[in-house]
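Student: File target05.cif follows (mmCIF, C-alpha atoms):
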data_target
loop_
_atom_site.label_atom_id
_atom_site.label_comp_id
_atom_site.auth_asym_id
_atom_site.auth_seq_id
_atom_site.Cartn_x
_atom_site.Cartn_y
_atom_site.Cartn_z
CA MET E 1 96.09 23.00 66.92
CA SER E 2 98.88 24.38 69.02
CA ASN E 3 101.50 26.84 68.08
CA HIS E 4 103.92 24.06 67.97
CA ASP E 5 102.03 22.45 65.10
CA GLU E 6 102.47 25.53 62.90
CA THR E 7 105.10 24.83 60.40
CA PRO E 8 107.08 27.58 58.63
CA GLU E 9 105.08 26.90 55.52
CA ASN E 10 101.77 27.57 57.25
CA ARG E 11 103.04 30.79 58.77
CA LEU E 12 104.14 31.99 55.32
CA ARG E 13 100.71 31.31 53.87
CA LYS E 14 99.06 33.41 56.56
CA GLU E 15 101.31 36.37 55.89
CA LEU E 16 100.69 36.46 52.13
CA PRO E 17 97.46 38.19 50.82
CA GLU E 18 94.78 35.85 49.70
CA GLU E 19 94.38 37.37 46.15
CA VAL E 20 96.88 39.25 44.03
CA PRO E 21 95.21 41.07 41.10
CA ALA E 22 96.63 40.06 37.75
CA VAL E 23 97.86 42.54 35.20
CA GLY E 24 95.12 41.53 32.79
CA ALA E 25 92.46 42.37 35.31
CA ALA E 26 93.81 45.88 35.80
CA GLU E 27 93.67 46.45 32.05
CA ALA E 28 90.09 45.20 31.95
CA VAL E 29 89.08 47.73 34.59
CA GLN E 30 90.73 50.65 32.77
CA ALA E 31 89.31 49.85 29.29
CA PRO E 32 85.77 51.25 29.88
CA GLU E 33 87.26 54.48 31.25
CA GLU E 34 89.45 54.92 28.13
CA GLN E 35 86.48 54.21 25.83
CA GLN E 36 84.42 56.80 27.66
CA THR E 37 87.26 59.32 27.32
CA GLY E 38 87.51 58.69 23.51
CA LEU E 39 83.77 59.19 23.03
CA SER E 40 83.92 62.48 24.86
CA GLY E 41 86.77 63.61 22.55
CA ARG E 42 84.72 62.86 19.42
CA GLN E 43 81.83 64.80 20.84
CA ARG E 44 84.09 67.76 21.46
CA LEU E 45 85.42 67.50 17.88
CA VAL E 46 81.90 67.47 16.42
CA GLN E 47 80.92 70.44 18.56
CA GLY E 48 84.00 72.33 17.32
CA LEU E 49 83.23 71.71 13.66
CA TRP E 50 79.45 72.12 13.60
CA PRO E 51 77.81 74.47 13.12
CA PRO E 52 80.59 75.94 10.90
CA ARG E 53 81.92 79.36 11.87
CA VAL E 54 82.91 81.34 8.74
CA THR E 55 84.73 84.63 9.18
CA ARG E 56 84.40 87.57 6.80
CA ALA E 57 87.95 87.09 5.50
CA GLN E 58 87.28 83.41 4.70
CA LEU E 59 84.08 84.36 2.85
CA ILE E 60 85.90 86.97 0.74
CA VAL E 61 88.66 84.49 -0.15
CA ALA E 62 86.05 81.88 -1.13
CA LEU E 63 84.26 84.38 -3.40
CA LEU E 64 87.53 85.40 -5.04
CA LEU E 65 88.47 81.78 -5.68
CA PHE E 66 85.03 81.10 -7.15
CA GLY E 67 85.32 84.10 -9.49
CA LEU E 68 88.81 83.05 -10.58
CA GLY E 69 87.65 79.50 -11.29
CA PHE E 70 84.64 80.72 -13.25
CA GLY E 71 86.79 83.05 -15.37
CA LEU E 72 89.24 80.25 -16.14
CA ALA E 73 86.38 77.96 -17.14
CA VAL E 74 84.95 80.58 -19.51
CA GLN E 75 88.36 81.21 -21.06
CA VAL E 76 88.99 77.51 -21.59
CA ALA E 77 85.54 77.13 -23.17
CA SER E 78 86.10 80.06 -25.54
CA ASN E 79 89.53 78.75 -26.54
CA SER E 80 88.00 75.35 -27.18
CA ASP E 81 85.39 76.90 -29.48
CA GLY E 82 88.08 78.77 -31.42
CA ASP E 83 90.21 75.65 -31.68
CA SER E 84 87.27 73.59 -32.94
CA ALA E 85 86.51 76.22 -35.60
CA LEU E 86 90.10 76.20 -36.83
CA ARG E 87 90.24 72.41 -36.62
CA GLY E 88 87.49 72.19 -39.22
CA ALA E 89 89.15 74.66 -41.62
CA ARG E 90 90.94 73.54 -44.74
CA GLN E 91 94.70 73.65 -45.03
CA GLU E 92 94.68 76.51 -47.55
CA ASP E 93 92.36 78.50 -45.23
CA LEU E 94 94.74 78.01 -42.32
CA VAL E 95 97.65 79.13 -44.45
CA ARG E 96 95.71 82.23 -45.48
CA ILE E 97 94.91 83.08 -41.85
CA LEU E 98 98.55 82.69 -40.84
CA ASP E 99 99.65 84.90 -43.73
CA GLU E 100 97.15 87.55 -42.66
CA LEU E 101 98.46 87.49 -39.08
CA ASP E 102 102.01 87.79 -40.35
CA ASP E 103 101.03 90.75 -42.52
CA ARG E 104 99.37 92.52 -39.60
CA THR E 105 102.46 91.96 -37.48
CA GLN E 106 104.63 93.36 -40.26
CA ARG E 107 102.43 96.46 -40.57
CA LEU E 108 102.77 97.16 -36.86
CA GLU E 109 106.54 96.68 -37.09
CA ASP E 110 106.74 99.07 -40.06
CA GLU E 111 104.73 101.66 -38.15
CA LYS E 112 107.04 101.30 -35.18
CA GLN E 113 110.11 101.76 -37.36
CA GLY E 114 108.55 104.82 -39.00
CA LEU E 115 107.95 106.47 -35.63
CA GLU E 116 111.47 105.67 -34.50
CA LYS E 117 112.83 107.20 -37.72
CA GLN E 118 110.88 110.41 -37.12
CA ARG E 119 112.23 110.58 -33.60
CA ASP E 120 115.81 110.12 -34.81
CA GLU E 121 115.37 112.78 -37.50
CA LEU E 122 114.13 115.25 -34.94
CA GLU E 123 116.98 114.48 -32.58
CA ASN E 124 119.74 114.61 -35.23
CA SER E 125 118.51 117.40 -37.50
CA SER E 126 120.53 120.61 -37.39
CA ASN E 127 117.34 122.61 -37.97
CA GLN E 128 114.86 120.92 -35.70
CA ALA E 129 112.20 123.58 -36.22
CA GLU E 130 112.14 123.03 -40.01
CA GLU E 131 112.14 119.26 -39.60
CA ALA E 132 109.28 119.48 -37.13
CA ARG E 133 107.31 121.64 -39.59
CA LYS E 134 107.80 119.09 -42.39
CA GLN E 135 106.62 116.27 -40.17
CA THR E 136 103.63 118.32 -39.09
CA VAL E 137 102.59 118.93 -42.71
CA GLU E 138 102.96 115.23 -43.50
CA LYS E 139 100.99 114.27 -40.43
CA GLU E 140 98.25 116.71 -41.38
CA ARG E 141 98.01 115.12 -44.82
CA GLN E 142 97.76 111.66 -43.32
CA LEU E 143 95.09 112.74 -40.86
CA GLY E 144 93.21 114.44 -43.71
CA ILE E 145 93.06 111.11 -45.54
CA LEU E 146 91.78 109.33 -42.44
CA ALA E 147 89.25 112.09 -41.73
CA GLY E 148 88.07 112.09 -45.36
CA THR E 149 88.77 115.79 -45.94
CA VAL E 150 91.26 115.17 -48.77
CA ALA E 151 91.22 112.78 -51.74
CA ALA E 152 93.53 109.79 -51.83
CA GLN E 153 94.87 107.30 -54.33
CA GLY E 154 96.96 104.18 -54.17
CA PRO E 155 96.87 100.41 -54.57
CA GLY E 156 93.85 98.53 -53.29
CA ILE E 157 90.74 96.62 -54.24
CA THR E 158 87.22 97.20 -55.52
CA LEU E 159 84.59 95.13 -53.71
CA THR E 160 81.24 94.82 -55.47
CA ILE E 161 78.18 93.27 -53.79
CA ASP E 162 75.26 92.59 -56.12
CA ASP E 163 72.09 92.06 -54.07
CA THR E 164 69.33 91.05 -56.49
CA LYS E 165 67.30 89.32 -53.76
CA GLY E 166 67.36 92.30 -51.40
CA THR E 167 68.72 90.18 -48.54
CA VAL E 168 71.87 92.19 -47.73
CA GLU E 169 71.42 94.18 -44.54
CA ALA E 170 73.26 97.14 -43.07
CA ASP E 171 75.11 95.09 -40.47
CA MET E 172 76.61 92.89 -43.22
CA LEU E 173 78.03 95.96 -44.96
CA LEU E 174 79.33 97.22 -41.62
CA ASP E 175 81.08 93.87 -41.06
CA ALA E 176 82.79 94.32 -44.44
CA ILE E 177 84.01 97.79 -43.44
CA GLN E 178 85.31 96.55 -40.08
CA GLU E 179 87.12 93.61 -41.69
CA LEU E 180 88.75 95.92 -44.24
CA ARG E 181 89.88 98.29 -41.51
CA ALA E 182 91.35 95.42 -39.52
CA ALA E 183 93.25 94.31 -42.66
CA GLY E 184 94.90 97.72 -43.01
CA ALA E 185 92.52 99.73 -45.22
CA GLU E 186 93.57 103.40 -45.19
CA ALA E 187 90.68 104.92 -47.18
CA ILE E 188 87.23 103.52 -47.99
CA GLN E 189 84.42 104.83 -50.17
CA VAL E 190 81.02 103.15 -50.55
CA ASN E 191 78.81 104.24 -53.46
CA GLY E 192 80.17 107.77 -53.37
CA VAL E 193 80.12 108.15 -49.57
CA ARG E 194 83.44 108.48 -47.74
CA VAL E 195 83.81 106.17 -44.76
CA VAL E 196 85.40 107.77 -41.70
CA ALA E 197 85.88 106.86 -38.04
CA GLY E 198 82.38 107.96 -37.07
CA THR E 199 80.55 106.35 -39.99
CA TYR E 200 77.30 104.56 -39.17
CA LEU E 201 74.95 102.44 -41.28
CA THR E 202 71.19 102.17 -40.95
CA GLU E 203 68.44 100.48 -42.90
CA SER E 204 64.79 101.25 -43.59
CA GLY E 205 62.89 98.59 -45.45
CA ASN E 206 65.02 97.40 -48.35
CA SER E 207 67.31 100.44 -48.44
CA VAL E 208 70.60 101.09 -46.64
CA SER E 209 71.96 104.47 -45.59
CA VAL E 210 75.57 105.44 -44.86
CA ASP E 211 75.79 108.44 -42.52
CA GLY E 212 72.26 109.36 -43.58
CA ASN E 213 72.98 109.01 -47.32
CA LYS E 214 70.79 106.39 -49.00
CA ILE E 215 72.64 103.92 -51.22
CA ASN E 216 71.32 101.17 -53.46
CA ALA E 217 72.68 97.86 -54.70
CA PRO E 218 75.02 97.01 -56.20
CA TYR E 219 77.21 98.19 -53.31
CA ARG E 220 80.66 99.16 -54.55
CA PHE E 221 83.53 99.59 -52.10
CA LYS E 222 86.69 101.40 -53.22
CA VAL E 223 89.41 100.54 -50.76
CA ILE E 224 93.04 101.75 -50.60
CA GLY E 225 95.47 99.43 -48.90
CA LYS E 226 97.64 96.42 -49.53
CA PRO E 227 95.66 94.14 -51.87
CA GLN E 228 97.48 91.06 -50.60
CA ASP E 229 96.01 91.77 -47.14
CA LEU E 230 92.58 93.10 -48.04
CA GLU E 231 91.34 90.31 -50.30
CA PRO E 232 92.29 87.35 -48.02
CA ALA E 233 90.68 89.13 -45.05
CA LEU E 234 87.33 89.09 -46.84
CA ASN E 235 87.68 85.45 -47.89
CA ILE E 236 88.48 83.87 -44.52
CA PRO E 237 86.25 80.91 -43.55
CA GLY E 238 82.98 82.19 -42.16
CA GLY E 239 83.94 85.74 -43.12
CA VAL E 240 82.33 88.48 -45.16
CA VAL E 241 82.22 86.75 -48.55
CA GLN E 242 80.78 83.48 -47.23
CA THR E 243 78.16 85.33 -45.18
CA LEU E 244 77.01 87.36 -48.17
CA GLU E 245 76.95 84.35 -50.46
CA LYS E 246 74.73 82.52 -47.97
CA GLU E 247 72.27 85.38 -48.48
CA GLN E 248 72.42 84.70 -52.26
CA ALA E 249 74.40 87.87 -52.96
CA THR E 250 77.11 87.94 -55.63
CA VAL E 251 80.50 89.17 -54.47
CA THR E 252 83.41 90.13 -56.72
CA ILE E 253 86.83 91.46 -55.69
CA GLU E 254 89.24 93.13 -58.10
CA ARG E 255 92.78 94.15 -57.27
CA SER E 256 94.25 97.32 -58.73
CA ASP E 257 97.49 99.29 -58.53
CA LYS E 258 95.55 102.55 -58.51
CA ILE E 259 92.34 103.11 -56.60
CA VAL E 260 91.01 106.67 -56.39
CA VAL E 261 88.96 107.63 -53.34
CA ASP E 262 87.69 111.13 -54.10
CA ALA E 263 84.51 111.41 -52.03
CA LEU E 264 85.15 114.11 -49.40
CA ARG E 265 83.77 114.96 -46.01
CA ALA E 266 83.54 118.50 -44.68
CA ALA E 267 85.86 119.21 -41.78
CA LYS E 268 83.81 119.46 -38.61
CA ARG E 269 84.97 121.43 -35.62
CA PRO E 270 84.32 119.60 -32.34
CA ASP E 271 81.74 121.21 -30.10
CA TYR E 272 83.45 120.41 -26.83
CA ALA E 273 86.83 118.75 -27.39
CA ARG E 274 89.87 121.01 -27.50
CA SER E 275 93.58 120.31 -27.80
CA SER E 276 95.17 119.77 -24.42
CA SER E 277 98.14 121.93 -25.48
CA GLN E 278 96.00 125.06 -25.70
#
Rewrite the structure of this file - the entire thing - as structure tokens.
Tutor:
Amino acid sequence: MSNHDETPENRLRKELPEEVPAVGAAEAVQAPEEQQTGLSGRQRLVQGLWPPRVTRAQLIVALLLFGLGFGLAVQVASNSDGDSALRGARQEDLVRILDELDDRTQRLEDEKQGLEKQRDELENSSNQAEEARKQTVEKERQLGILAGTVAAQGPGITLTIDDTKGTVEADMLLDAIQELRAAGAEAIQVNGVRVVAGTYLTESGNSVSVDGNKINAPYRFKVIGKPQDLEPALNIPGGVVQTLEKEQATVTIERSDKIVVDALRAAKRPDYARSSSQ
């Protein structure tokens, strides 16, 4: 064919490329490369997370958080036990417990007011030295009652525990003393033995000793304090009276406007402790 036979259309066809890649084909070529890149990124992520690298600071924080969580769990469990015990109590028992708490709060408030009154008297007295001496004498008398070196009298109760079966143990009598102290008892005497801060109870066979003095049933407690606080404290659900009655002991409580606690303890000078003002 001669050059003259070439038409403009044929010349145009020769100048154009035979194949023009489509856009879809280019995307098909790039897809495997992108997939390979993504897989490599996941591998790098796994290598960064495993094995775990824990610093000392992170370990300390984790231990602190564990301890805090454990303490909260224990507190919630103990509160749940206390709530369940109160939930099973009778209405009159709950009222008695609330009254006892109110009485304890009132005693603390009265003590606070008494101390504030003493402070005001010292600050406003024209003769502060004489006022201080009076307060010192009164304080000495009060401490003598608590230490058992002087006799005391006042309103209170008489608690009698008759143990015919011999089942009452020393720790049960100690629980009674602790409950009475918590209820505001100011002076306690058990079968002629004065109870003081350092009193201890022991048992040998069927006998009980208070500070080394053997006592026998019936156990008679003379207690000075507010009767309206002392008696309910012994009768709370699961308290002293119920525990003793489960051991087949007979418990009687008598209120009185005048209880005399006359058993005395000899004043003992400390071997090592001295006043810090000396």
Student: With all atoms listed in the file as the counted atoms, please give the residues lying no more than 7 Å from Val261 (chain E), apart from itself and same-chain residues fewer than 4 positions off, as number ranges by chain.
Tutor: E: 151-153, 187-189, 222
Student: Expand the PyMOL selection byres ((chain E and resi 104-113) around 12) into the explicit residue set it covers here, and present it as a list in words.
Tutor: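 That expression, the PyMOL selection byres ((chain E and resi 104-113) around 12), corresponds here to Ile97, Leu98, Asp99, Glu100, Leu101, Asp102, Asp103, Gly114, Leu115, Glu116, Lys117, Gln118, Arg119, Asp120, Arg181, Ala182, Ala183, Gly184, Ala185, Gly225, Lys226, Gln228, Asp229, Leu230 and Ala233 of chain E.
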Student: Nearest to Asp262 (chain E) among E:Arg194, E:Glu130, E:Glu169, E:Gln58, with distances taken over only C-alpha atoms: which residue is it?
Tutor: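 Ranked by minimum distance to Asp262 (chain E), first place goes to E:Arg194.
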Student: Find the spatial neighbours of Ile215 (chain E), counting all atoms listed in the file, within a cut-off of 10 Å - ignore same-chain residues fewer than 5 positions away - and output them as a PyMOL selection string.
Tutor: chain E and resi 190-193+203+207-210+220
Student: Which distance in Å separates CA of Gly154 (chain E) and CA of Glu186 (chain E), to one decimal?
Tutor: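 Here the two named atoms are 9.6 Å from each other.
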Student: Using Å and a single decimal, report how far CA of Ala249 (chain E) sits from CA of Thr167 (chain E).
Tutor: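 Distance reported for this atom pair: 7.6 Å.
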Student: Any chance you could resolve the PyMOL selection byres ((chain E and resi 141-146) around 9) against this file and give the residues as a short mmCIF file (atom, residue, chain, number, x, y, z; two decimals) with C-alpha atoms, keeping the file's coordinate frame?
Tutor:
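Saved result, part_29.cif, follows:
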data_model
loop_
_atom_site.label_atom_id
_atom_site.label_comp_id
_atom_site.auth_asym_id
_atom_site.auth_seq_id
_atom_site.Cartn_x
_atom_site.Cartn_y
_atom_site.Cartn_z
CA THR E 136 103.63 118.32 -39.09
CA VAL E 137 102.59 118.93 -42.71
CA GLU E 138 102.96 115.23 -43.50
CA LYS E 139 100.99 114.27 -40.43
CA GLU E 140 98.25 116.71 -41.38
CA ALA E 147 89.25 112.09 -41.73
CA GLY E 148 88.07 112.09 -45.36
CA THR E 149 88.77 115.79 -45.94
CA VAL E 150 91.26 115.17 -48.77
CA ALA E 151 91.22 112.78 -51.74
CA ALA E 152 93.53 109.79 -51.83
CA GLU E 186 93.57 103.40 -45.19
CA ALA E 187 90.68 104.92 -47.18
CA VAL E 195 83.81 106.17 -44.76
CA VAL E 196 85.40 107.77 -41.70
CA ALA E 197 85.88 106.86 -38.04
CA ALA E 267 85.86 119.21 -41.78
#
Student: Output region 128-164 of chain E with N, CA and C atoms present, as a short mmCIF file (atom, residue, chain, number, x, y, z; two decimals), in the coordinates of the input.
Tutor:
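The resulting file, part.cif, is reproduced below:
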data_model
loop_
_atom_site.label_atom_id
_atom_site.label_comp_id
_atom_site.auth_asym_id
_atom_site.auth_seq_id
_atom_site.Cartn_x
_atom_site.Cartn_y
_atom_site.Cartn_z
N GLN E 128 115.96 121.71 -36.24
CA GLN E 128 114.86 120.92 -35.70
C GLN E 128 113.51 121.57 -35.96
N ALA E 129 113.46 122.89 -35.99
CA ALA E 129 112.20 123.58 -36.22
C ALA E 129 111.68 123.29 -37.63
N GLU E 130 112.56 123.32 -38.65
CA GLU E 130 112.14 123.03 -40.01
C GLU E 130 111.74 121.57 -40.17
N GLU E 131 112.47 120.68 -39.53
CA GLU E 131 112.14 119.26 -39.60
C GLU E 131 110.80 118.99 -38.93
N ALA E 132 110.56 119.65 -37.82
CA ALA E 132 109.28 119.48 -37.13
C ALA E 132 108.13 120.00 -37.98
N ARG E 133 108.36 121.10 -38.73
CA ARG E 133 107.31 121.64 -39.59
C ARG E 133 106.98 120.66 -40.72
N LYS E 134 108.03 120.06 -41.32
CA LYS E 134 107.80 119.09 -42.39
C LYS E 134 106.99 117.89 -41.88
N GLN E 135 107.35 117.42 -40.72
CA GLN E 135 106.62 116.27 -40.17
C GLN E 135 105.19 116.65 -39.81
N THR E 136 104.99 117.89 -39.41
CA THR E 136 103.63 118.32 -39.09
C THR E 136 102.77 118.37 -40.34
N VAL E 137 103.33 118.88 -41.44
CA VAL E 137 102.59 118.93 -42.71
C VAL E 137 102.24 117.53 -43.18
N GLU E 138 103.20 116.60 -43.09
CA GLU E 138 102.96 115.23 -43.50
C GLU E 138 101.90 114.56 -42.62
N LYS E 139 101.98 114.85 -41.34
CA LYS E 139 100.99 114.27 -40.43
C LYS E 139 99.60 114.82 -40.71
N GLU E 140 99.54 116.11 -41.05
CA GLU E 140 98.25 116.71 -41.38
C GLU E 140 97.65 116.08 -42.63
N ARG E 141 98.49 115.77 -43.61
CA ARG E 141 98.01 115.12 -44.82
C ARG E 141 97.47 113.72 -44.50
N GLN E 142 98.21 113.00 -43.68
CA GLN E 142 97.76 111.66 -43.32
C GLN E 142 96.44 111.70 -42.55
N LEU E 143 96.34 112.63 -41.62
CA LEU E 143 95.09 112.74 -40.86
C LEU E 143 93.94 113.19 -41.74
N GLY E 144 94.24 114.02 -42.76
CA GLY E 144 93.21 114.44 -43.71
C GLY E 144 92.65 113.27 -44.48
N ILE E 145 93.52 112.32 -44.83
CA ILE E 145 93.06 111.11 -45.54
C ILE E 145 92.16 110.29 -44.62
N LEU E 146 92.58 110.12 -43.37
CA LEU E 146 91.78 109.33 -42.44
C LEU E 146 90.45 110.02 -42.11
N ALA E 147 90.47 111.35 -42.05
CA ALA E 147 89.25 112.09 -41.73
C ALA E 147 88.36 112.28 -42.95
N GLY E 148 88.87 111.97 -44.15
CA GLY E 148 88.07 112.09 -45.36
C GLY E 148 87.97 113.49 -45.91
N THR E 149 88.84 114.41 -45.46
CA THR E 149 88.77 115.79 -45.94
C THR E 149 89.61 116.01 -47.19
N VAL E 150 90.46 115.06 -47.55
CA VAL E 150 91.26 115.17 -48.77
C VAL E 150 91.12 113.87 -49.55
N ALA E 151 91.28 113.98 -50.89
CA ALA E 151 91.22 112.78 -51.74
C ALA E 151 92.49 111.96 -51.57
N ALA E 152 92.39 110.69 -51.96
CA ALA E 152 93.53 109.79 -51.83
C ALA E 152 93.55 108.82 -53.00
N GLN E 153 94.73 108.32 -53.30
CA GLN E 153 94.87 107.30 -54.33
C GLN E 153 96.01 106.38 -53.96
N GLY E 154 95.94 105.16 -54.46
CA GLY E 154 96.96 104.18 -54.17
C GLY E 154 96.47 102.79 -54.52
N PRO E 155 97.29 101.78 -54.27
CA PRO E 155 96.87 100.41 -54.57
C PRO E 155 95.74 99.98 -53.65
N GLY E 156 94.95 99.02 -54.11
CA GLY E 156 93.85 98.53 -53.29
C GLY E 156 92.96 97.58 -54.04
N ILE E 157 91.71 97.54 -53.63
CA ILE E 157 90.74 96.62 -54.24
C ILE E 157 89.41 97.34 -54.46
N THR E 158 88.61 96.77 -55.34
CA THR E 158 87.22 97.20 -55.52
C THR E 158 86.33 96.01 -55.18
N LEU E 159 85.50 96.17 -54.16
CA LEU E 159 84.59 95.13 -53.71
C LEU E 159 83.19 95.49 -54.18
N THR E 160 82.59 94.59 -54.95
CA THR E 160 81.24 94.82 -55.47
C THR E 160 80.31 93.75 -54.93
N ILE E 161 79.19 94.19 -54.35
CA ILE E 161 78.18 93.27 -53.79
C ILE E 161 76.89 93.50 -54.56
N ASP E 162 76.49 92.51 -55.33
CA ASP E 162 75.26 92.59 -56.12
C ASP E 162 74.16 91.86 -55.37
N ASP E 163 73.15 92.61 -54.92
CA ASP E 163 72.09 92.06 -54.07
C ASP E 163 70.76 92.08 -54.83
N THR E 164 70.57 91.10 -55.70
CA THR E 164 69.33 91.05 -56.49
C THR E 164 68.14 90.59 -55.67
#
